[in-house]
$ cat protein34.txt   # compact mmCIF, C-alpha atoms
# COMPACT_ATOMS: atom_id res chain seq x y z
CA MET A 1 -7.02 -2.71 85.01
CA ILE A 2 -3.73 -3.69 86.64
CA ILE A 3 -1.87 -6.91 85.84
CA LYS A 4 0.36 -7.62 88.85
CA ASN A 5 3.18 -10.04 89.60
CA ALA A 6 4.00 -10.75 85.96
CA ARG A 7 7.28 -11.70 84.36
CA VAL A 8 6.95 -9.29 81.45
CA VAL A 9 8.60 -10.33 78.18
CA LEU A 10 10.13 -7.14 76.79
CA GLN A 11 12.22 -6.66 73.67
CA ASP A 12 15.44 -6.48 75.67
CA GLY A 13 14.74 -9.06 78.37
CA ILE A 14 12.31 -10.27 81.03
CA LYS A 15 11.42 -8.12 84.05
CA ARG A 16 9.05 -8.52 87.00
CA LEU A 17 6.64 -5.63 86.49
CA ASP A 18 3.04 -4.56 86.91
CA VAL A 19 1.17 -3.43 83.80
CA LYS A 20 -1.61 -0.84 83.72
CA VAL A 21 -4.21 -1.08 80.95
CA GLU A 22 -6.60 1.75 80.10
CA ASN A 23 -9.10 1.85 77.23
CA GLY A 24 -7.52 -1.14 75.54
CA LYS A 25 -4.03 0.37 75.59
CA ILE A 26 -0.96 -0.30 77.72
CA ALA A 27 -0.74 2.82 79.87
CA GLU A 28 2.16 2.15 82.21
CA LEU A 29 4.79 -0.37 83.27
CA SER A 30 6.11 -0.17 86.83
CA GLU A 31 7.42 -2.29 89.67
CA SER A 32 4.40 -1.46 91.82
CA LEU A 33 1.00 -0.29 90.59
CA GLU A 34 -2.36 -0.18 92.36
CA GLY A 35 -5.89 -0.15 91.04
CA LYS A 36 -9.44 -1.35 91.65
CA SER A 37 -9.45 -4.06 88.97
CA VAL A 38 -6.48 -6.39 89.44
CA ILE A 39 -5.36 -9.57 87.69
CA ASP A 40 -2.73 -11.58 89.55
CA ALA A 41 -0.36 -13.08 86.97
CA LYS A 42 1.16 -15.34 89.66
CA GLU A 43 4.68 -15.01 88.23
CA ARG A 44 3.60 -16.25 84.80
CA TYR A 45 5.06 -14.75 81.64
CA LEU A 46 3.16 -11.79 80.21
CA MET A 47 3.82 -11.63 76.47
CA PRO A 48 2.45 -9.76 73.47
CA ALA A 49 -0.33 -11.81 71.89
CA MET A 50 0.84 -13.34 68.64
CA VAL A 51 0.28 -12.26 65.04
CA ASP A 52 0.27 -14.71 62.13
CA ILE A 53 0.23 -13.93 58.42
CA GLY A 54 -1.12 -16.04 55.58
CA VAL A 55 -3.31 -18.38 57.61
CA LYS A 56 -6.05 -20.30 55.84
CA VAL A 57 -9.54 -21.42 56.76
CA LYS A 58 -10.51 -25.11 56.69
CA ASP A 59 -10.14 -26.65 53.23
CA SER A 60 -9.53 -23.07 52.04
CA LYS A 61 -13.31 -22.63 51.81
CA LEU A 62 -14.11 -19.01 52.56
CA ARG A 63 -17.37 -19.27 54.50
CA GLY A 64 -18.86 -17.56 57.54
CA GLN A 65 -18.43 -20.68 59.66
CA THR A 66 -14.82 -21.31 58.62
CA ILE A 67 -13.89 -17.71 59.47
CA LYS A 68 -15.64 -18.05 62.83
CA THR A 69 -13.76 -21.28 63.58
CA LEU A 70 -10.46 -19.65 62.61
CA CYS A 71 -11.12 -16.79 65.02
CA GLU A 72 -11.99 -19.13 67.89
CA ASP A 73 -8.92 -21.30 67.32
CA ALA A 74 -6.66 -18.26 67.06
CA ARG A 75 -7.93 -16.73 70.28
CA ALA A 76 -7.65 -19.99 72.22
CA ASN A 77 -4.01 -20.36 71.15
CA GLY A 78 -2.75 -16.87 71.89
CA PHE A 79 -3.21 -15.07 68.57
CA ALA A 80 -4.87 -11.67 68.81
CA THR A 81 -4.38 -10.92 65.11
CA VAL A 82 -4.45 -13.23 62.10
CA VAL A 83 -3.96 -12.20 58.48
CA LEU A 84 -5.96 -14.33 56.09
CA SER A 85 -4.38 -15.69 52.92
CA ALA A 86 -6.07 -14.36 49.79
CA LEU A 87 -5.51 -17.65 47.93
CA CYS A 88 -8.69 -19.34 49.04
CA ASP A 89 -12.04 -20.37 47.56
CA PRO A 90 -13.20 -17.90 46.38
CA PRO A 91 -9.96 -15.90 46.19
CA ILE A 92 -9.93 -12.44 47.72
CA ASP A 93 -9.49 -10.60 44.44
CA ASN A 94 -12.52 -8.30 44.30
CA GLU A 95 -14.47 -5.88 46.48
CA ILE A 96 -17.41 -8.23 47.08
CA THR A 97 -15.28 -11.00 48.54
CA LEU A 98 -13.23 -8.55 50.59
CA GLU A 99 -16.38 -6.99 52.03
CA PHE A 100 -17.69 -10.44 52.91
CA VAL A 101 -14.53 -11.26 54.84
CA LYS A 102 -14.62 -7.91 56.62
CA SER A 103 -18.27 -8.36 57.60
CA GLN A 104 -17.65 -11.86 58.97
CA ALA A 105 -14.48 -10.77 60.73
CA GLY A 106 -16.44 -7.97 62.37
CA LEU A 107 -18.51 -10.62 64.14
CA CYS A 108 -15.37 -12.04 65.74
CA THR A 109 -14.90 -9.43 68.44
CA ASP A 110 -12.14 -11.30 70.28
CA THR A 111 -9.80 -11.67 67.29
CA ASN A 112 -8.51 -9.07 64.85
CA VAL A 113 -8.85 -10.56 61.34
CA LEU A 114 -7.05 -8.80 58.52
CA THR A 115 -6.64 -9.99 54.96
CA LEU A 116 -4.22 -10.00 52.08
CA LEU A 117 -5.46 -9.53 48.52
CA SER A 118 -4.69 -11.79 45.61
CA GLY A 119 -2.56 -9.93 43.10
CA LEU A 120 -4.18 -11.83 40.26
CA ARG A 121 -7.80 -12.55 39.44
CA GLN A 122 -8.92 -16.08 38.64
CA ASP A 123 -8.75 -15.28 34.93
CA GLY A 124 -5.06 -14.41 35.28
CA GLY A 125 -5.39 -10.64 35.02
CA LEU A 126 -4.33 -8.13 37.63
CA SER A 127 -6.72 -7.48 40.49
CA ASP A 128 -7.87 -3.96 41.29
CA CYS A 129 -5.08 -3.63 43.81
CA SER A 130 -5.48 0.08 44.49
CA ILE A 131 -9.16 -0.28 45.31
CA LEU A 132 -8.71 -3.36 47.51
CA LEU A 133 -5.83 -1.79 49.44
CA LYS A 134 -7.90 1.33 50.04
CA GLU A 135 -10.74 -0.91 51.23
CA GLY A 136 -8.58 -2.48 53.93
CA ALA A 137 -6.38 -5.26 52.53
CA VAL A 138 -2.95 -5.07 54.18
CA GLY A 139 -0.73 -6.54 51.46
CA ILE A 140 -0.58 -8.21 48.05
CA GLU A 141 -0.18 -12.00 47.84
CA PHE A 142 1.08 -13.80 44.75
CA LYS A 143 2.71 -17.01 43.53
CA SER A 144 6.30 -16.68 42.40
CA ASP A 145 5.94 -18.51 39.09
CA ILE A 146 3.62 -15.98 37.44
CA ASP A 147 4.70 -13.86 34.47
CA GLY A 148 7.53 -11.47 35.31
CA ASN A 149 5.70 -8.47 33.91
CA LEU A 150 2.79 -9.15 36.27
CA ILE A 151 5.21 -9.29 39.19
CA ARG A 152 6.64 -5.94 38.08
CA ARG A 153 3.15 -4.42 38.06
CA LEU A 154 2.40 -5.79 41.53
CA MET A 155 5.65 -4.34 42.82
CA GLU A 156 4.73 -0.96 41.42
CA TYR A 157 1.38 -1.12 43.23
CA ALA A 158 3.11 -2.08 46.47
CA VAL A 159 5.51 0.86 46.24
CA MET A 160 2.67 3.22 45.38
CA HIS A 161 0.62 2.21 48.43
CA GLY A 162 3.45 1.60 50.88
CA VAL A 163 2.66 -2.07 51.53
CA LYS A 164 4.65 -5.26 51.28
CA LEU A 165 4.29 -8.12 48.83
CA PHE A 166 3.70 -11.62 50.18
CA CYS A 167 5.14 -14.36 48.01
CA ARG A 168 4.49 -18.11 47.94
CA ALA A 169 7.48 -19.60 46.18
CA ASN A 170 7.53 -22.74 44.06
CA ASP A 171 8.43 -23.78 40.53
CA PRO A 172 5.73 -26.22 39.35
CA ALA A 173 7.94 -27.39 36.49
CA LEU A 174 10.69 -28.41 38.93
CA GLN A 175 8.16 -29.93 41.30
CA GLY A 176 6.71 -32.09 38.57
CA GLU A 177 4.88 -35.02 40.17
CA GLY A 178 6.68 -34.50 43.48
CA VAL A 179 4.61 -34.86 46.65
CA MET A 180 7.26 -34.56 49.40
CA HIS A 181 10.85 -33.41 49.88
CA GLU A 182 13.31 -35.01 47.49
CA GLY A 183 15.69 -37.02 49.64
CA GLY A 184 16.39 -40.34 51.30
CA VAL A 185 12.89 -40.77 52.71
CA SER A 186 11.11 -40.08 49.41
CA CYS A 187 13.48 -42.50 47.67
CA ARG A 188 12.83 -45.21 50.25
CA LEU A 189 9.06 -44.74 50.02
CA GLY A 190 9.13 -44.66 46.23
CA LEU A 191 7.45 -41.26 46.12
CA ALA A 192 8.32 -38.51 43.65
CA GLY A 193 10.26 -35.75 45.39
CA VAL A 194 10.24 -31.96 45.26
CA PRO A 195 13.77 -30.52 45.02
CA ALA A 196 14.61 -27.69 47.42
CA ALA A 197 15.64 -25.63 44.39
CA ALA A 198 11.97 -25.44 43.34
CA GLU A 199 11.64 -22.87 46.13
CA SER A 200 15.05 -21.21 46.33
CA SER A 201 15.43 -20.64 42.57
CA GLN A 202 12.19 -18.70 42.58
CA ILE A 203 13.27 -16.67 45.61
CA ALA A 204 16.47 -15.68 43.80
CA ARG A 205 14.33 -14.37 40.94
CA ILE A 206 11.99 -12.44 43.22
CA ALA A 207 14.91 -11.01 45.22
CA GLU A 208 16.46 -9.54 42.08
CA LEU A 209 13.18 -7.88 41.10
CA ALA A 210 12.58 -6.64 44.66
CA GLU A 211 15.98 -4.94 44.72
CA PHE A 212 15.40 -3.36 41.31
CA TYR A 213 11.94 -1.99 42.12
CA GLY A 214 12.66 -1.15 45.76
CA VAL A 215 9.86 -3.16 47.38
CA ASP A 216 9.85 -5.37 50.48
CA VAL A 217 8.76 -8.97 49.97
CA VAL A 218 7.74 -11.42 52.69
CA VAL A 219 8.45 -15.03 51.75
CA LEU A 220 5.47 -16.97 53.10
CA GLY A 221 6.61 -20.38 54.30
CA ALA A 222 10.37 -20.22 53.67
CA SER A 223 11.58 -23.80 54.06
CA THR A 224 15.15 -24.15 52.74
CA ARG A 225 18.54 -22.99 53.94
CA ARG A 226 19.26 -21.51 50.53
CA THR A 227 16.07 -19.44 50.69
CA LEU A 228 17.18 -17.97 54.01
CA LYS A 229 20.65 -17.24 52.64
CA ILE A 230 19.19 -15.33 49.68
CA CYS A 231 16.97 -13.36 52.06
CA ALA A 232 19.93 -12.57 54.32
CA GLN A 233 21.82 -11.13 51.35
CA SER A 234 18.98 -8.76 50.48
CA ASP A 235 17.60 -5.81 52.40
CA ARG A 236 14.24 -6.40 50.71
CA MET A 237 13.46 -10.05 51.44
CA ILE A 238 11.90 -11.08 54.76
CA PRO A 239 11.54 -14.81 55.52
CA GLN A 240 8.54 -16.26 57.33
CA ILE A 241 9.51 -19.72 58.57
CA PRO A 242 7.02 -22.44 59.52
CA ILE A 243 7.38 -23.84 63.04
CA HIS A 244 7.16 -27.35 61.59
CA HIS A 245 10.34 -26.95 59.54
CA LEU A 246 12.21 -26.07 62.75
CA ILE A 247 10.92 -29.02 64.77
CA LEU A 248 10.03 -31.80 62.32
CA ASN A 249 11.72 -33.44 59.33
CA ASP A 250 10.58 -35.62 56.46
CA ASN A 251 10.62 -38.69 58.71
CA ALA A 252 7.10 -37.54 59.63
CA CYS A 253 6.06 -38.99 56.26
CA GLU A 254 7.34 -42.50 57.07
CA TRP A 255 4.83 -45.30 56.57
CA TYR A 256 3.09 -42.97 54.09
CA ASP A 257 1.68 -40.96 56.99
CA THR A 258 -0.33 -38.16 55.39
CA ALA A 259 -0.25 -36.15 58.65
CA GLY A 260 3.27 -35.18 57.58
CA LYS A 261 2.18 -34.05 54.13
CA ILE A 262 2.28 -30.27 54.31
CA TRP A 263 3.31 -27.48 51.96
CA PRO A 264 6.05 -26.49 51.71
CA PRO A 265 7.18 -30.07 52.32
CA LEU A 266 9.08 -31.05 55.44
CA ARG A 267 12.78 -31.20 54.64
CA ASP A 268 15.46 -33.61 55.84
CA ASP A 269 17.00 -33.24 59.29
CA ALA A 270 20.23 -31.69 58.07
CA MET A 271 18.28 -28.88 56.42
CA ARG A 272 16.08 -28.49 59.52
CA LYS A 273 19.21 -27.86 61.61
CA GLU A 274 20.58 -25.45 59.03
CA MET A 275 17.29 -23.54 59.07
CA LEU A 276 17.43 -23.29 62.84
CA ASP A 277 20.99 -21.98 62.77
CA ALA A 278 20.13 -19.42 60.09
CA LEU A 279 17.13 -18.17 62.03
CA LEU A 280 19.36 -17.28 64.97
CA ASP A 281 21.14 -14.70 62.81
CA ASP A 282 18.09 -12.98 61.29
CA ASP A 283 16.42 -10.29 63.40
CA SER A 284 13.74 -9.67 60.75
CA ALA A 285 12.49 -13.26 60.42
CA MET A 286 9.04 -14.45 61.45
CA VAL A 287 7.79 -17.83 62.61
CA THR A 288 4.39 -18.94 61.36
CA SER A 289 1.95 -21.67 62.34
CA LEU A 290 1.44 -22.49 58.64
CA HIS A 291 -2.21 -22.95 59.59
CA THR A 292 -3.74 -24.83 56.63
CA PRO A 293 -6.39 -27.12 58.15
CA VAL A 294 -8.02 -29.74 55.97
CA SER A 295 -10.87 -32.15 56.63
CA LYS A 296 -10.28 -35.74 57.66
CA THR A 297 -11.57 -37.04 54.34
CA ALA A 298 -8.98 -34.95 52.48
CA LYS A 299 -6.19 -36.57 54.49
CA ASP A 300 -7.63 -40.09 54.47
CA ALA A 301 -6.21 -41.10 51.07
CA VAL A 302 -3.10 -42.61 49.56
CA PHE A 303 -0.14 -40.29 50.10
CA ALA A 304 0.07 -38.97 46.55
CA ASP A 305 -3.61 -38.02 46.53
CA ALA A 306 -3.96 -36.73 50.11
CA ALA A 307 -4.30 -33.00 50.67
CA TYR A 308 -1.44 -30.84 51.88
CA GLY A 309 -2.25 -29.18 55.19
CA ILE A 310 -1.89 -28.98 58.94
CA GLU A 311 -3.86 -27.54 61.86
CA GLY A 312 -1.05 -25.22 62.92
CA LEU A 313 -2.54 -22.96 65.57
CA ASN A 314 -3.14 -25.63 68.20
CA ALA A 315 -0.35 -25.66 70.83
CA PHE A 316 1.81 -23.33 68.70
CA LEU A 317 3.41 -21.46 71.60
CA PRO A 318 3.88 -24.56 73.84
CA LEU A 319 5.59 -26.33 70.92
CA LEU A 320 7.95 -23.41 70.38
CA TYR A 321 8.66 -23.19 74.08
CA THR A 322 9.31 -26.93 74.43
CA TYR A 323 11.50 -27.47 71.40
CA LEU A 324 13.17 -24.10 70.81
CA VAL A 325 13.27 -22.26 74.14
CA LYS A 326 13.80 -24.98 76.76
CA ASN A 327 16.69 -26.47 74.76
CA GLY A 328 18.42 -23.10 74.55
CA ASN A 329 17.97 -22.16 70.89
CA PHE A 330 15.99 -19.00 71.67
CA ASP A 331 14.82 -17.00 74.65
CA LEU A 332 11.30 -15.69 75.09
CA PRO A 333 12.10 -12.11 73.96
CA ALA A 334 13.45 -13.50 70.66
CA LEU A 335 10.38 -15.68 70.33
CA ALA A 336 8.09 -12.70 70.93
CA ARG A 337 9.94 -10.76 68.25
CA MET A 338 9.46 -13.54 65.68
CA THR A 339 5.82 -14.31 66.52
CA SER A 340 4.49 -10.85 67.41
CA LEU A 341 6.64 -7.79 66.71
CA ASN A 342 7.99 -8.65 63.26
CA PRO A 343 4.65 -9.92 61.86
CA ALA A 344 2.92 -6.79 63.18
CA LYS A 345 5.47 -4.61 61.37
CA ALA A 346 4.98 -6.57 58.15
CA VAL A 347 1.29 -5.67 57.93
CA GLY A 348 1.54 -2.03 58.96
CA LEU A 349 0.84 -2.42 62.69
CA GLU A 350 4.22 -1.15 63.89
CA GLY A 351 3.84 0.91 67.03
CA LYS A 352 0.39 -0.55 67.66
CA LYS A 353 0.78 -4.28 68.23
CA GLY A 354 3.49 -6.84 68.92
CA ALA A 355 5.17 -5.50 72.06
CA VAL A 356 4.50 -4.82 75.74
CA LEU A 357 5.14 -1.08 75.70
CA PRO A 358 3.15 2.02 76.73
CA GLY A 359 0.91 3.20 73.91
CA TYR A 360 0.59 -0.22 72.29
CA ASP A 361 -2.69 -2.08 72.08
CA ALA A 362 -3.13 -4.30 75.13
CA ASP A 363 -3.10 -7.51 73.11
CA LEU A 364 -1.51 -9.71 75.75
CA LEU A 365 -1.29 -13.32 76.84
CA LEU A 366 -0.29 -15.07 80.04
CA PHE A 367 1.93 -18.11 79.52
CA GLU A 368 2.55 -20.72 82.19
CA PRO A 369 5.66 -22.83 81.53
CA ASP A 370 5.19 -25.27 84.43
CA PHE A 371 2.57 -27.42 82.78
CA SER A 372 2.94 -30.63 80.78
CA PHE A 373 0.57 -32.52 78.53
CA CYS A 374 0.50 -35.08 75.73
CA PHE A 375 -0.60 -33.66 72.38
CA GLU A 376 -3.37 -35.77 70.91
CA ASP A 377 -4.51 -35.36 67.32
CA PRO A 378 -4.27 -38.31 64.89
CA LEU A 379 -4.31 -35.90 61.94
CA SER A 380 -1.20 -34.10 63.25
CA PRO A 381 2.45 -35.14 62.99
CA TYR A 382 2.74 -34.03 66.64
CA ASP A 383 0.32 -36.71 67.85
CA GLY A 384 1.78 -38.26 70.99
CA PHE A 385 4.38 -35.52 71.59
CA GLU A 386 5.03 -34.53 75.22
CA ILE A 387 4.77 -30.73 75.41
CA ASP A 388 5.39 -28.17 78.15
CA GLY A 389 3.58 -24.90 78.77
CA ARG A 390 0.09 -23.53 78.26
CA ILE A 391 -1.66 -20.25 77.58
CA VAL A 392 -3.69 -19.32 80.65
CA SER A 393 -5.51 -16.34 79.20
CA VAL A 394 -5.50 -13.84 76.35
$ encode --input "protein34.txt" --output "structure tokens"
Amino acid sequence: MIIKNARVVLQDGIKRLDVKVENGKIAELSESLEGKSVIDAKERYLMPAMVDIGVKVKDSKLRGQTIKTLCEDARANGFATVVLSALCDPPIDNEITLEFVKSQAGLCTDTNVLTLLSGLRQDGGLSDCSILLKEGAVGIEFKSDIDGNLIRRLMEYAVMHGVKLFCRANDPALQGEGVMHEGGVSCRLGLAGVPAAAESSQIARIAELAEFYGVDVVVLGASTRRTLKICAQSDRMIPQIPIHHLILNDNACEWYDTAGKIWPPLRDDAMRKEMLDALLDDDSAMVTSLHTPVSKTAKDAVFADAAYGIEGLNAFLPLLYTYLVKNGNFDLPALARMTSLNPAKAVGLEGKKGAVLPGYDADLLLFEPDFSFCFEDPLSPYDGFEIDGRIVSV
């Protein structure tokens, strides 16, 4: 198959090239290629299909249908690979659950579904990490506030098997009764706030352990400037930043709007701008959809009782293009690095996925920038936003 007349998004720029695909692999890039089966890209952008880590199924309920829905949503929005969070119901902490996920993922032929494993069992003991990694899990997920000795053991497993740790950072004691970012908006609404230090203090702890034990740690959902600064000072810490914390701020929670209640919580606008500036200087960072969909009934409650969550896959790339590329913060090659190449590296797919290069899997998408639409979803903080761009095909 030949893809002709494409503006190919490469790591070092954008070039008008034809792309030859053979047996699911990118075989050749050239200014002029011929073949029997031809797709005319019509000057659209040809990009590596995206990879996202730590996504969740609806209401975190690990079922055949929720995995199927995740796959369909991912494919429709330009993700060829998604890595499932292990912190679901039931958690992925044993061989039976892992095999169930693998069997259901095998039915989703259009989307590559990988999974993390939960470092701890439900009873608080260590999971059989060695067995689960050998059975196909691509990394170890844990919460930062667990016992330090357990973190040490997980780091030893990660080093032994050559995988990364994936950390969700929060200090429940500092969070207390907090339900949104601690700041002017929470004060005005009379809601208990979560201090930014509940995240960054935990990251400082994990960074020290990561340096000592020589293991790489991905911070899932990094949401504060201080977190990014700690990561920048360490060769071992890799931030994964939610798109929402680059575009939105805690004003999304005004009028007690539960659509803006996500975790980690949306920060104030000053911190959003600081996050954006910090991201420009970090070549290892990733941007995530923070896909944590919840049912309407879980959101339809008073703010303090409503569920945290957001349907993050829908319009992910158009949102990034509209609010981060068109206004000059990033170019498309940088965006491809943060949404495809770096996430692929983090889960052991380096050299296979995440770039438009010969020898890589032909996981590709065509993006058309000259298209505008109004985003409509009353459960989303983006409801009513005017957005540019669309994914034509994957």
$ residues_around --input "protein34.txt" --residues "Ala344 of chain A" --least-positions-apart "4" --cutoff "10 Å" --atoms "only C-alpha atoms" --output "PyMOL selection string"
chain A and resi 50-53+81-83+286+337-340+348-355
$ residues_around --input "protein34.txt" --residues "Val394 of chain A" --least-positions-apart "5" --cutoff "8 Å" --atoms "all atoms listed in the file" --output "count of residues only"
9
$ closest_residue --input "protein34.txt" --among "A:His181, A:His291, A:Lys20, A:Arg121" --to "Pro265 of chain A" --atoms "all atoms listed in the file"
A:His181
$ residues_near_point --input "protein34.txt" --point "(-4.3, -23.0, 60.6)" --cutoff "6 Å" --atoms "all atoms listed in the file" --output "list in words"
Val55, Lys56, His291, Thr292, Pro293, Glu311, Gly312 and Leu313 of chain A
$ residues_around --input "protein34.txt" --residues "Ala285 of chain A" --least-positions-apart "6" --cutoff "9 Å" --atoms "all atoms listed in the file" --output "MDAnalysis selection string"
chainID A and resid 238:241 279 337:338 342:343
$ atom_distance --input "protein34.txt" --atom1 "atom CA of Trp255 of chain A" --atom2 "atom CA of Asp300 of chain A"
13.7 Å
$ residues_around --input "protein34.txt" --residues "segment 185-198 of chain A" --least-positions-apart "6" --cutoff "8 Å" --atoms "all atoms listed in the file" --output "list in words"
Ala169, Asn170, Asp171, Pro172, Leu174, Gln175, Gly176, Glu177, Gly178, Val179, Thr224, Asp250, Asn251, Cys253, Glu254, Trp255, Tyr256, Pro265 and Ala304 of chain A
